[in-house]
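Just run09.tsv here, TSV, C-alpha atoms (C1' of nucleotides):
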chain	number	residue	atom	x	y	z
A	54	MET	CA	0.00	0.00	0.00
A	55	PRO	CA	2.93	2.18	0.13
A	56	GLU	CA	3.15	5.60	-1.38
A	57	LEU	CA	5.67	8.18	-0.27
A	58	PRO	CA	4.20	8.82	3.21
A	59	GLU	CA	3.96	5.12	4.01
A	60	VAL	CA	7.50	4.50	2.80
A	61	GLU	CA	8.74	7.40	4.89
A	62	THR	CA	6.91	5.96	7.89
A	63	VAL	CA	8.60	2.61	7.35
A	64	ARG	CA	11.98	4.32	6.94
A	65	ARG	CA	11.56	6.07	10.26
A	66	GLY	CA	10.54	2.81	11.87
A	67	LEU	CA	13.68	1.14	10.56
A	68	GLU	CA	16.06	3.84	11.79
A	69	PRO	CA	16.57	2.51	15.32
A	70	VAL	CA	17.36	-1.01	14.15
A	71	PHE	CA	19.40	-0.09	11.06
A	72	VAL	CA	21.40	3.09	11.55
A	73	LYS	CA	24.84	2.42	13.07
A	74	GLN	CA	23.80	-1.20	13.41
A	75	THR	CA	25.52	-4.23	11.92
A	76	PHE	CA	24.08	-7.09	9.91
A	77	GLU	CA	24.97	-10.41	11.46
A	78	LYS	CA	23.12	-12.70	9.10
A	79	VAL	CA	21.01	-12.25	5.99
A	80	THR	CA	18.61	-14.97	4.91
A	81	VAL	CA	17.27	-14.94	1.37
A	82	ASN	CA	14.45	-17.40	0.79
A	83	ARG	CA	14.02	-17.09	-2.96
A	84	PRO	CA	16.05	-15.89	-5.91
A	85	ASP	CA	13.98	-12.85	-6.76
A	86	LEU	CA	11.15	-10.48	-6.10
A	87	ARG	CA	10.10	-8.48	-9.09
A	88	TRP	CA	13.64	-8.93	-10.43
A	89	PRO	CA	16.41	-11.34	-9.51
A	90	PHE	CA	18.34	-10.31	-6.42
A	91	PRO	CA	21.89	-9.13	-7.12
A	92	ASP	CA	24.59	-11.80	-7.02
A	93	ASN	CA	25.56	-12.91	-3.54
A	94	MET	CA	23.26	-10.36	-1.96
A	95	ALA	CA	23.29	-11.97	1.47
A	96	ASP	CA	27.10	-12.19	1.62
A	97	ARG	CA	27.53	-8.61	0.44
A	98	ILE	CA	25.28	-7.30	3.20
A	99	ALA	CA	26.35	-9.55	6.09
A	100	GLY	CA	29.00	-7.94	8.28
A	101	THR	CA	28.37	-4.40	7.05
A	102	THR	CA	27.16	-1.51	9.17
A	103	VAL	CA	24.53	1.00	8.07
A	104	ASN	CA	25.89	4.53	7.86
A	105	ALA	CA	22.63	6.22	6.93
A	106	LEU	CA	19.06	5.35	6.02
A	107	ARG	CA	17.47	7.50	3.36
A	108	ARG	CA	14.39	7.61	1.18
A	109	ARG	CA	14.12	8.59	-2.46
A	110	SER	CA	10.60	8.56	-3.79
A	111	LYS	CA	9.21	5.18	-2.75
A	112	TYR	CA	12.64	3.61	-2.37
A	113	ILE	CA	14.31	3.01	0.98
A	114	LEU	CA	18.09	3.32	0.72
A	115	ALA	CA	20.47	1.97	3.36
A	116	ASP	CA	24.05	3.18	2.86
A	117	LEU	CA	26.38	0.42	3.99
A	118	ASP	CA	29.97	0.90	5.12
A	119	SER	CA	31.02	-1.40	2.27
A	120	GLY	CA	30.42	1.37	-0.26
A	121	GLU	CA	27.20	-0.20	-1.42
A	122	THR	CA	23.65	0.94	-0.83
A	123	LEU	CA	20.86	-1.50	-0.15
A	124	LEU	CA	17.77	-0.47	-2.11
A	125	ILE	CA	14.38	-1.69	-0.93
A	126	HIS	CA	11.08	-1.15	-2.70
A	127	LEU	CA	7.85	-2.35	-1.12
A	128	GLY	CA	5.88	-2.65	-4.34
A	129	MET	CA	2.16	-3.03	-3.69
A	130	SER	CA	2.14	-5.50	-0.84
A	131	GLY	CA	5.60	-5.32	0.76
A	132	ARG	CA	5.66	-5.18	4.56
A	133	ILE	CA	8.41	-4.98	7.12
A	134	GLN	CA	8.26	-6.52	10.54
A	135	ILE	CA	10.68	-5.81	13.36
A	136	THR	CA	11.11	-8.19	16.25
A	137	GLY	CA	13.73	-8.78	18.91
A	138	ALA	CA	14.10	-5.07	19.50
A	139	THR	CA	12.83	-2.60	22.01
A	140	LEU	CA	10.99	0.08	20.08
A	141	GLY	CA	8.97	2.81	21.66
A	142	GLY	CA	9.19	0.98	24.95
A	143	PHE	CA	7.80	-2.26	23.60
A	144	TYR	CA	9.70	-5.46	23.10
A	145	HIS	CA	8.62	-7.74	20.30
A	146	ASP	CA	9.46	-11.42	20.48
A	147	HIS	CA	10.47	-13.16	17.29
A	148	VAL	CA	7.51	-14.79	15.61
A	149	ALA	CA	7.26	-17.95	13.52
A	150	ALA	CA	8.09	-17.60	9.84
A	151	GLN	CA	5.14	-16.47	7.74
A	152	LYS	CA	4.22	-17.28	4.20
A	153	HIS	CA	5.98	-14.84	1.85
A	154	ASP	CA	8.80	-13.96	4.25
A	155	HIS	CA	11.35	-13.49	1.48
A	156	VAL	CA	14.33	-11.78	3.14
A	157	ILE	CA	15.33	-11.75	6.80
A	158	PHE	CA	17.95	-9.46	8.31
A	159	ASP	CA	19.35	-10.47	11.69
A	160	MET	CA	21.32	-7.68	13.32
A	161	THR	CA	24.07	-8.10	15.90
A	162	SER	CA	21.80	-6.19	18.29
A	163	GLY	CA	19.36	-9.09	18.23
A	164	ALA	CA	16.82	-7.23	16.14
A	165	ARG	CA	15.27	-9.14	13.29
A	166	ILE	CA	13.83	-7.36	10.27
A	167	VAL	CA	11.61	-9.45	8.00
A	168	PHE	CA	10.56	-8.42	4.49
A	169	ASN	CA	7.26	-10.02	3.54
A	170	ASP	CA	5.66	-9.44	0.15
A	171	PRO	CA	2.84	-11.68	-1.11
A	172	ARG	CA	2.56	-10.20	-4.58
A	173	ARG	CA	6.30	-9.82	-5.05
A	174	PHE	CA	6.04	-6.50	-6.86
A	175	GLY	CA	8.69	-5.26	-4.48
A	176	ALA	CA	12.41	-5.20	-5.18
A	177	MET	CA	15.82	-5.27	-3.56
A	178	ASP	CA	19.13	-4.33	-5.08
A	179	LEU	CA	22.65	-3.39	-4.12
A	180	ILE	CA	23.98	-0.31	-5.87
A	181	SER	CA	27.09	1.80	-5.68
A	182	THR	CA	26.63	4.49	-3.04
A	183	ALA	CA	28.90	6.81	-5.01
A	184	ASP	CA	27.09	6.33	-8.30
A	185	GLN	CA	23.46	5.78	-7.51
A	186	ASN	CA	22.33	6.96	-10.89
A	187	ALA	CA	23.76	3.78	-12.31
A	188	GLN	CA	20.50	2.36	-10.98
A	189	LEU	CA	18.05	3.01	-13.78
A	190	LEU	CA	15.10	3.06	-11.39
A	191	LEU	CA	16.58	6.02	-9.51
A	192	ARG	CA	18.01	7.83	-12.50
A	193	LYS	CA	14.66	8.50	-14.11
A	194	LEU	CA	12.93	9.86	-11.03
A	195	GLY	CA	11.64	13.41	-11.00
A	196	PRO	CA	11.96	15.79	-8.05
A	197	GLU	CA	10.96	14.91	-4.53
A	198	PRO	CA	7.64	16.62	-3.84
A	199	LEU	CA	8.83	17.70	-0.40
A	200	GLY	CA	12.19	18.92	-1.67
A	201	ASN	CA	13.45	22.28	-2.89
A	202	THR	CA	13.45	21.41	-6.57
A	203	PHE	CA	9.71	20.88	-6.62
A	204	HIS	CA	8.18	24.31	-6.96
A	205	ALA	CA	5.64	26.27	-8.98
A	206	ASP	CA	7.94	27.10	-11.89
A	207	TYR	CA	9.00	23.49	-12.19
A	208	LEU	CA	5.49	22.06	-12.23
A	209	VAL	CA	4.16	24.67	-14.65
A	210	GLU	CA	6.99	23.82	-17.04
A	211	ALA	CA	6.67	20.07	-16.54
A	212	LEU	CA	2.95	20.03	-17.33
A	213	ALA	CA	3.00	22.55	-20.15
A	214	GLY	CA	1.58	21.13	-23.35
A	215	LYS	CA	1.03	17.68	-21.87
A	216	LYS	CA	-1.88	15.92	-23.52
A	217	THR	CA	-2.18	13.27	-20.87
A	218	PRO	CA	-4.81	13.66	-18.14
A	219	ILE	CA	-3.52	15.47	-15.05
A	220	LYS	CA	-4.15	12.28	-13.08
A	221	SER	CA	-1.72	10.33	-15.24
A	222	ALA	CA	0.82	13.13	-15.25
A	223	LEU	CA	0.95	13.27	-11.46
A	224	LEU	CA	1.35	9.50	-11.29
A	225	ASP	CA	4.30	9.74	-13.68
A	226	GLN	CA	7.36	9.30	-11.45
A	227	ARG	CA	9.51	11.20	-13.97
A	228	ILE	CA	7.44	14.32	-13.40
A	229	ILE	CA	7.09	14.00	-9.64
A	230	ALA	CA	8.48	11.13	-7.61
A	231	GLY	CA	6.54	9.42	-4.87
A	232	LEU	CA	2.88	10.08	-5.54
A	233	GLY	CA	0.62	7.07	-6.02
A	234	ASN	CA	-3.02	6.58	-6.79
A	235	ILE	CA	-4.39	7.63	-3.40
A	236	TYR	CA	-2.54	10.89	-2.90
A	237	VAL	CA	-3.04	11.98	-6.50
A	238	CYS	CA	-6.78	11.53	-6.04
A	239	GLU	CA	-6.69	13.41	-2.75
A	240	ALA	CA	-4.54	16.26	-4.08
A	241	LEU	CA	-6.76	16.76	-7.13
A	242	PHE	CA	-9.81	16.80	-4.89
A	243	ARG	CA	-8.33	19.51	-2.69
A	244	ALA	CA	-7.28	21.46	-5.76
A	245	GLY	CA	-10.74	21.17	-7.33
A	246	ILE	CA	-9.24	19.78	-10.53
A	247	SER	CA	-10.89	16.96	-12.46
A	248	PRO	CA	-8.57	13.98	-12.94
A	249	GLU	CA	-9.71	13.91	-16.57
A	250	LYS	CA	-8.52	17.44	-17.29
A	251	LEU	CA	-5.57	17.35	-19.65
A	252	ALA	CA	-2.41	18.34	-17.81
A	253	GLY	CA	-1.49	21.03	-20.31
A	254	LYS	CA	-4.96	22.57	-20.05
A	255	VAL	CA	-4.93	23.19	-16.31
A	256	SER	CA	-4.58	26.92	-15.77
A	257	LYS	CA	-1.26	28.24	-14.54
A	258	ALA	CA	-2.86	29.55	-11.36
A	259	ARG	CA	-4.27	26.16	-10.52
A	260	VAL	CA	-0.99	24.38	-11.24
A	261	ILE	CA	0.75	26.82	-8.91
A	262	ALA	CA	-1.86	26.14	-6.24
A	263	LEU	CA	-1.33	22.43	-6.67
A	264	VAL	CA	2.25	22.59	-5.38
A	265	PRO	CA	1.48	23.39	-1.74
A	266	ILE	CA	-1.58	21.15	-1.87
A	267	ILE	CA	0.56	18.16	-2.83
A	268	ARG	CA	3.07	19.00	-0.11
A	269	ASN	CA	0.34	19.35	2.49
A	270	VAL	CA	-1.38	16.10	1.58
A	271	LEU	CA	1.91	14.23	1.91
A	272	GLU	CA	3.05	16.00	5.04
A	273	GLU	CA	-0.24	15.39	6.80
A	274	ALA	CA	-0.06	11.72	5.92
A	275	ILE	CA	3.53	11.45	7.17
A	276	GLU	CA	2.56	13.24	10.35
A	277	SER	CA	-0.34	10.86	10.81
A	278	GLY	CA	1.91	7.87	10.15
A	279	GLY	CA	4.57	9.20	12.44
A	280	SER	CA	2.15	9.55	15.29
A	281	SER	CA	0.75	6.08	14.82
A	282	LEU	CA	4.33	4.77	14.64
A	283	ARG	CA	5.22	6.32	17.98
A	284	ASP	CA	2.28	4.55	19.49
A	285	TYR	CA	2.44	1.29	17.73
A	286	ARG	CA	2.60	-1.69	19.93
A	287	GLN	CA	1.44	-4.53	17.74
A	288	ALA	CA	2.53	-7.82	19.22
A	289	ASP	CA	4.04	-8.98	15.96
A	290	GLY	CA	6.12	-5.85	15.48
A	291	GLU	CA	4.80	-5.08	12.04
A	292	LEU	CA	5.30	-1.52	10.93
A	293	GLY	CA	1.62	-0.81	10.54
A	294	TYR	CA	0.39	1.66	8.04
A	295	PHE	CA	-1.73	4.22	9.77
A	296	GLN	CA	-5.43	4.37	9.24
A	297	HIS	CA	-5.96	7.50	7.30
A	298	SER	CA	-9.20	9.17	6.41
A	299	PHE	CA	-9.43	9.96	2.75
A	300	GLN	CA	-11.82	12.49	1.30
A	301	VAL	CA	-12.36	10.83	-2.07
A	302	TYR	CA	-10.23	7.70	-2.36
A	303	ASP	CA	-12.37	4.56	-2.14
A	304	ARG	CA	-15.45	6.63	-1.36
A	305	GLU	CA	-17.46	5.89	-4.50
A	306	GLY	CA	-21.09	6.95	-4.14
A	307	LYS	CA	-20.48	8.79	-0.86
A	308	GLU	CA	-21.30	12.43	-0.54
A	309	CYS	CA	-18.62	14.94	-1.42
A	310	ALA	CA	-16.58	15.93	1.64
A	311	LYS	CA	-16.29	19.53	0.55
A	312	ALA	CA	-18.37	21.87	2.66
A	313	GLY	CA	-21.35	23.15	0.76
A	314	CYS	CA	-20.92	20.78	-2.19
A	315	SER	CA	-23.92	18.58	-2.90
A	316	GLY	CA	-22.06	16.27	-5.28
A	317	SER	CA	-21.13	12.65	-4.73
A	318	VAL	CA	-17.89	10.78	-5.34
A	319	LYS	CA	-17.59	9.05	-8.70
A	320	ARG	CA	-15.19	6.31	-9.70
A	321	ILE	CA	-13.77	6.14	-13.19
A	322	VAL	CA	-10.90	4.14	-14.69
A	323	GLN	CA	-7.94	5.93	-16.22
A	324	SER	CA	-4.97	4.01	-17.60
A	325	GLY	CA	-6.38	0.96	-15.90
A	326	ARG	CA	-6.47	2.56	-12.48
A	327	SER	CA	-9.36	3.83	-10.39
A	328	SER	CA	-9.82	7.55	-10.04
A	329	PHE	CA	-12.16	8.92	-7.41
A	330	PHE	CA	-13.43	12.46	-7.67
A	331	CYS	CA	-16.42	14.74	-7.27
A	332	PRO	CA	-17.63	15.78	-10.73
A	333	LYS	CA	-19.42	18.72	-9.21
A	334	CYS	CA	-16.54	20.54	-7.56
A	335	GLN	CA	-13.63	19.13	-9.56
A	336	ARG	CA	-13.51	20.64	-13.01
B	28	DA	C1'	8.84	11.09	-28.23
B	29	DT	C1'	4.71	10.15	-25.82
B	30	DG	C1'	0.64	8.00	-24.12
B	31	DG	C1'	-2.24	3.93	-23.25
B	32	DG	C1'	-2.78	-0.82	-22.21
B	33	DG	C1'	-0.97	-5.39	-20.69
B	34	DG	C1'	1.37	-7.94	-17.50
B	35	DC	C1'	3.59	-9.30	-13.31
B	36	DC	C1'	1.73	-11.93	-8.51
B	37	DT	C1'	-1.30	-13.25	-4.49
B	38	DG	C1'	-5.15	-12.31	-1.52
B	39	DC	C1'	-9.56	-10.68	-0.47
B	40	DC	C1'	-14.26	-9.52	-1.05
B	41	DG	C1'	-18.85	-9.61	-2.95
B	42	DG	C1'	-22.25	-12.03	-5.64
B	43	DC	C1'	-24.32	-16.18	-7.14
C	13	DT	C1'	-20.15	-23.30	1.81
C	14	DG	C1'	-17.67	-22.84	-2.57
C	15	DC	C1'	-16.47	-20.92	-6.78
C	16	DC	C1'	-15.52	-16.95	-9.80
C	17	DG	C1'	-14.77	-12.47	-11.31
C	18	DG	C1'	-13.08	-8.19	-10.11
C	19	DC	C1'	-10.15	-5.51	-7.69
C	20	DA	C1'	-5.85	-3.86	-5.12
C	21	DG	C1'	-2.01	1.82	-2.84
C	22	DG	C1'	3.61	0.02	-8.33
C	23	DC	C1'	6.03	0.06	-12.25
C	24	DC	C1'	8.27	-1.84	-16.56
C	25	DC	C1'	7.59	-2.98	-21.29
C	26	DC	C1'	5.60	-2.93	-25.67
C	27	DC	C1'	2.91	-0.98	-29.18
C	28	DA	C1'	0.64	2.65	-31.90
Let me see the file written as structure tokens.
Amino acid sequence: MPELPEVETVRRGLEPVFVKQTFEKVTVNRPDLRWPFPDNMADRIAGTTVNALRRRSKYILADLDSGETLLIHLGMSGRIQITGATLGGFYHDHVAAQKHDHVIFDMTSGARIVFNDPRRFGAMDLISTADQNAQLLLRKLGPEPLGNTFHADYLVEALAGKKTPIKSALLDQRIIAGLGNIYVCEALFRAGISPEKLAGKVSKARVIALVPIIRNVLEEAIESGGSSLRDYRQADGELGYFQHSFQVYDREGKECAKAGCSGSVKRIVQSGRSSFFCPKCQR
DNA sequence: ATGGGGGCCTGCCGGC
DNA sequence: TGCCGGCAGGCCCCCA
């Protein structure tokens, strides 16, 4: 389920068990996720210490003291579970192996980090820390929506003349990195822009307004995830995604959440993906 | 070059 | 209860 805010929440949850910590043993239970794992992945990680834990778009990046960076992508169904560590005052005992536990990191601290991914749309790779753009997945990414290079001038330029619907454009990771189906729907709702509107036809003023809206939607979700993370005390140690209240996503047929709007949420399919919006106040 | 659709996987949910 | 179709928050690849 992970879009940028969920990935950032997971990254923050991993910090105490990864940063400055050392891998004792890495267990790899299958040869691949979406793609084959890099050669000797387990041996290249074991014995290294994590210098820093970063996020780029929906990728989690652990810089190892070996000069390599461990890249983790959660895909659609990837989950991370932490046991054997005291987190937020709660100690989680190791649990029995689950179906789809594909990679297990045992740290010298005693913490165990399990990557579980039923659909296997996730990915792991080892890349050069010094030359991360050698990784094609990272090279093509557009600006971070919460970073300095994402601003009004950029977005106006990036959308100019685009004949694709604004919904598709905002999902395009080359234009903006980290948005997924939910937060695009939510941002367009707040902006009052129809997902069907062609990107190049959205007025400049509305594109400019979209920038802080996108930032706010993401920041609120991260804040919400962060607070649930501080409190989380699930017995199995899973980094739970917070329950978040969406205004349009998955609300087909419900009344529009905008004050004073009498419309109702409609679901359409664009590029094979559901879009939720209020036809009355999103134009 | 650019945009749309198919495909990758498994699990879950609603309808019959 | 069981089966089946549809759907899922990502992303690459191919084709027009």
May I have the residues within 7 Å of region 145-158 of chain A as a PDB file with C-alpha atoms, in the frame of the given file, using all atoms listed in the file and disregarding those fewer than 6 positions away in the same chain?
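Contents of the output file result_1.pdb:
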ATOM      1  CA  PHE A  76      24.080  -7.090   9.910  1.00  0.00           C
ATOM      2  CA  LYS A  78      23.120 -12.700   9.100  1.00  0.00           C
ATOM      3  CA  VAL A  79      21.010 -12.250   5.990  1.00  0.00           C
ATOM      4  CA  THR A  80      18.610 -14.970   4.910  1.00  0.00           C
ATOM      5  CA  VAL A  81      17.270 -14.940   1.370  1.00  0.00           C
ATOM      6  CA  ASN A  82      14.450 -17.400   0.790  1.00  0.00           C
ATOM      7  CA  ARG A  83      14.020 -17.090  -2.960  1.00  0.00           C
ATOM      8  CA  THR A 136      11.110  -8.190  16.250  1.00  0.00           C
ATOM      9  CA  GLY A 137      13.730  -8.780  18.910  1.00  0.00           C
ATOM     10  CA  ALA A 138      14.100  -5.070  19.500  1.00  0.00           C
ATOM     11  CA  THR A 139      12.830  -2.600  22.010  1.00  0.00           C
ATOM     12  CA  ARG A 165      15.270  -9.140  13.290  1.00  0.00           C
ATOM     13  CA  ILE A 166      13.830  -7.360  10.270  1.00  0.00           C
ATOM     14  CA  VAL A 167      11.610  -9.450   8.000  1.00  0.00           C
ATOM     15  CA  PHE A 168      10.560  -8.420   4.490  1.00  0.00           C
ATOM     16  CA  ASN A 169       7.260 -10.020   3.540  1.00  0.00           C
ATOM     17  CA  ASP A 170       5.660  -9.440   0.150  1.00  0.00           C
ATOM     18  CA  PRO A 171       2.840 -11.680  -1.110  1.00  0.00           C
ATOM     19  CA  ALA A 288       2.530  -7.820  19.220  1.00  0.00           C
ATOM     20  CA  ASP A 289       4.040  -8.980  15.960  1.00  0.00           C
ATOM     21  CA  GLY A 290       6.120  -5.850  15.480  1.00  0.00           C
TER      22      GLY A 290
END
Checklist line | Interface residues on chain A facing chain B, 8 Å, all atoms listed in the file, written as a ChimeraX atom specification | finding: /A:87,171-174,217,324-325
Note to self: Just to confirm, what's the straight-line distance from CA of Val103 (chain A) to CA of Val60 (chain A) in Å (one decimal)?
What the structure shows: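 CA of Val60 (chain A) lies 18.2 Å from CA of Val103 (chain A).
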If we count only C-alpha atoms (C1' of nucleotides), what is near region 190-195 of chain A at a cut-off of 12 Å, once residues fewer than 4 positions away on the same chain are taken out, given as a short mmCIF file (atom, residue, chain, number, x, y, z; two decimals) with C-alpha atoms (C1' of nucleotides), in the coordinates of the input?
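And here is the file that came out, selection_18.cif:
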data_model
loop_
_atom_site.label_atom_id
_atom_site.label_comp_id
_atom_site.auth_asym_id
_atom_site.auth_seq_id
_atom_site.Cartn_x
_atom_site.Cartn_y
_atom_site.Cartn_z
CA ARG A 108 14.39 7.61 1.18
CA ARG A 109 14.12 8.59 -2.46
CA SER A 110 10.60 8.56 -3.79
CA LYS A 111 9.21 5.18 -2.75
CA TYR A 112 12.64 3.61 -2.37
CA ILE A 113 14.31 3.01 0.98
CA LEU A 114 18.09 3.32 0.72
CA LEU A 124 17.77 -0.47 -2.11
CA ILE A 125 14.38 -1.69 -0.93
CA HIS A 126 11.08 -1.15 -2.70
CA ALA A 176 12.41 -5.20 -5.18
CA MET A 177 15.82 -5.27 -3.56
CA ASP A 178 19.13 -4.33 -5.08
CA ILE A 180 23.98 -0.31 -5.87
CA SER A 181 27.09 1.80 -5.68
CA ASP A 184 27.09 6.33 -8.30
CA GLN A 185 23.46 5.78 -7.51
CA ASN A 186 22.33 6.96 -10.89
CA LEU A 199 8.83 17.70 -0.40
CA GLY A 200 12.19 18.92 -1.67
CA THR A 202 13.45 21.41 -6.57
CA PHE A 203 9.71 20.88 -6.62
CA TYR A 207 9.00 23.49 -12.19
CA LEU A 208 5.49 22.06 -12.23
CA ALA A 211 6.67 20.07 -16.54
CA ALA A 222 0.82 13.13 -15.25
CA LEU A 223 0.95 13.27 -11.46
CA LEU A 224 1.35 9.50 -11.29
CA ASP A 225 4.30 9.74 -13.68
CA GLN A 226 7.36 9.30 -11.45
CA ARG A 227 9.51 11.20 -13.97
CA ILE A 228 7.44 14.32 -13.40
CA ILE A 229 7.09 14.00 -9.64
CA ALA A 230 8.48 11.13 -7.61
CA GLY A 231 6.54 9.42 -4.87
CA LEU A 232 2.88 10.08 -5.54
"C1'" DC C 23 6.03 0.06 -12.25
"C1'" DC C 24 8.27 -1.84 -16.56
#
Check: Could you state the separation of CA of Tyr302 (chain A) and CA of Gly66 (chain A) in Å, given to one decimal place?
Finding: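 These atoms are spaced 25.6 Å apart.
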Note to self: Using all atoms listed in the file, I'd like every residue of chain A that has an atom within 9 Å of chain C; please write them out as an MDAnalysis selection string.
What the structure shows: chainID A and resid 54:56 127:130 174:175 233:235
Please dump the current selection as an mmCIF file, keeping the file's coordinate frame; keep C-alpha atoms.
data_model
loop_
_atom_site.group_PDB
_atom_site.id
_atom_site.type_symbol
_atom_site.label_atom_id
_atom_site.label_comp_id
_atom_site.auth_asym_id
_atom_site.auth_seq_id
_atom_site.Cartn_x
_atom_site.Cartn_y
_atom_site.Cartn_z
ATOM 1 C CA MET A 54 0.000 0.000 0.000
ATOM 2 C CA PRO A 55 2.930 2.180 0.130
ATOM 3 C CA GLU A 56 3.150 5.600 -1.380
ATOM 4 C CA LEU A 127 7.850 -2.350 -1.120
ATOM 5 C CA GLY A 128 5.880 -2.650 -4.340
ATOM 6 C CA MET A 129 2.160 -3.030 -3.690
ATOM 7 C CA SER A 130 2.140 -5.500 -0.840
ATOM 8 C CA PHE A 174 6.040 -6.500 -6.860
ATOM 9 C CA GLY A 175 8.690 -5.260 -4.480
ATOM 10 C CA GLY A 233 0.620 7.070 -6.020
ATOM 11 C CA ASN A 234 -3.020 6.580 -6.790
ATOM 12 C CA ILE A 235 -4.390 7.630 -3.400
#
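In this model, the gap between CA of Ala310 (chain A) and CA of Gly278 (chain A) comes to 21.9 Å.
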Notebook entry, point to check: Which residues, written as a list in words, have at least one atom at most 10 Å from Ile321 (chain A), with all atoms listed in the file counted and residues fewer than 6 positions away on the same chain left out?
Noted result: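 Within the cut-off, the hits are Pro248, Glu249, Glu305, Ser327, Ser328, Phe329 and Phe330 of chain A.
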Kindly save the residues from that selection, with C-alpha atoms included, as a PDB file, in the coordinates of the input.
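Generated file (out_22.pdb):
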ATOM      1  CA  PRO A 248      -8.570  13.980 -12.940  1.00  0.00           C
ATOM      2  CA  GLU A 249      -9.710  13.910 -16.570  1.00  0.00           C
ATOM      3  CA  GLU A 305     -17.460   5.890  -4.500  1.00  0.00           C
ATOM      4  CA  SER A 327      -9.360   3.830 -10.390  1.00  0.00           C
ATOM      5  CA  SER A 328      -9.820   7.550 -10.040  1.00  0.00           C
ATOM      6  CA  PHE A 329     -12.160   8.920  -7.410  1.00  0.00           C
ATOM      7  CA  PHE A 330     -13.430  12.460  -7.670  1.00  0.00           C
TER       8      PHE A 330
END
Only all heavy atoms, please: region 149-154 of chain A from the block, as a PDB file, in the first residue's frame.
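So the final result, stored in decode_15.pdb, reads:
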ATOM      1  N   ALA A 149       7.024 -16.868  14.483  1.00  0.00           N
ATOM      2  CA  ALA A 149       7.263 -17.954  13.523  1.00  0.00           C
ATOM      3  C   ALA A 149       7.258 -17.390  12.100  1.00  0.00           C
ATOM      4  O   ALA A 149       6.585 -16.396  11.813  1.00  0.00           O
ATOM      5  CB  ALA A 149       6.176 -19.011  13.668  1.00  0.00           C
ATOM      6  N   ALA A 150       8.021 -18.031  11.238  1.00  0.00           N
ATOM      7  CA  ALA A 150       8.087 -17.595   9.842  1.00  0.00           C
ATOM      8  C   ALA A 150       6.692 -17.600   9.227  1.00  0.00           C
ATOM      9  O   ALA A 150       5.886 -18.483   9.497  1.00  0.00           O
ATOM     10  CB  ALA A 150       9.008 -18.517   9.058  1.00  0.00           C
ATOM     11  N   GLN A 151       6.427 -16.582   8.412  1.00  0.00           N
ATOM     12  CA  GLN A 151       5.137 -16.466   7.745  1.00  0.00           C
ATOM     13  C   GLN A 151       5.325 -16.791   6.260  1.00  0.00           C
ATOM     14  O   GLN A 151       6.424 -16.687   5.724  1.00  0.00           O
ATOM     15  CB  GLN A 151       4.613 -15.026   7.854  1.00  0.00           C
ATOM     16  CG  GLN A 151       4.622 -14.455   9.256  1.00  0.00           C
ATOM     17  CD  GLN A 151       3.513 -15.010  10.109  1.00  0.00           C
ATOM     18  OE1 GLN A 151       2.354 -14.994   9.727  1.00  0.00           O
ATOM     19  NE2 GLN A 151       3.869 -15.549  11.274  1.00  0.00           N
ATOM     20  N   LYS A 152       4.225 -17.130   5.653  1.00  0.00           N
ATOM     21  CA  LYS A 152       4.219 -17.282   4.201  1.00  0.00           C
ATOM     22  C   LYS A 152       4.671 -15.950   3.589  1.00  0.00           C
ATOM     23  O   LYS A 152       4.271 -14.886   4.069  1.00  0.00           O
ATOM     24  CB  LYS A 152       2.787 -17.605   3.758  1.00  0.00           C
ATOM     25  CG  LYS A 152       2.680 -18.194   2.374  1.00  0.00           C
ATOM     26  CD  LYS A 152       1.236 -18.585   2.079  1.00  0.00           C
ATOM     27  CE  LYS A 152       1.105 -19.142   0.678  1.00  0.00           C
ATOM     28  NZ  LYS A 152      -0.295 -19.436   0.350  1.00  0.00           N
ATOM     29  N   HIS A 153       5.499 -16.016   2.570  1.00  0.00           N
ATOM     30  CA  HIS A 153       5.982 -14.835   1.851  1.00  0.00           C
ATOM     31  C   HIS A 153       7.025 -14.023   2.615  1.00  0.00           C
ATOM     32  O   HIS A 153       7.271 -12.877   2.269  1.00  0.00           O
ATOM     33  CB  HIS A 153       4.823 -13.919   1.414  1.00  0.00           C
ATOM     34  CG  HIS A 153       3.725 -14.622   0.691  1.00  0.00           C
ATOM     35  ND1 HIS A 153       3.931 -15.359  -0.449  1.00  0.00           N
ATOM     36  CD2 HIS A 153       2.405 -14.728   0.969  1.00  0.00           C
ATOM     37  CE1 HIS A 153       2.784 -15.885  -0.849  1.00  0.00           C
ATOM     38  NE2 HIS A 153       1.848 -15.521   0.000  1.00  0.00           N
ATOM     39  N   ASP A 154       7.616 -14.597   3.647  1.00  0.00           N
ATOM     40  CA  ASP A 154       8.804 -13.958   4.249  1.00  0.00           C
ATOM     41  C   ASP A 154       9.971 -14.231   3.299  1.00  0.00           C
ATOM     42  O   ASP A 154      10.489 -15.337   3.249  1.00  0.00           O
ATOM     43  CB  ASP A 154       9.118 -14.595   5.621  1.00  0.00           C
ATOM     44  CG  ASP A 154       8.198 -14.106   6.722  1.00  0.00           C
ATOM     45  OD1 ASP A 154       7.416 -13.173   6.477  1.00  0.00           O
ATOM     46  OD2 ASP A 154       8.290 -14.665   7.835  1.00  0.00           O
TER      47      ASP A 154
END
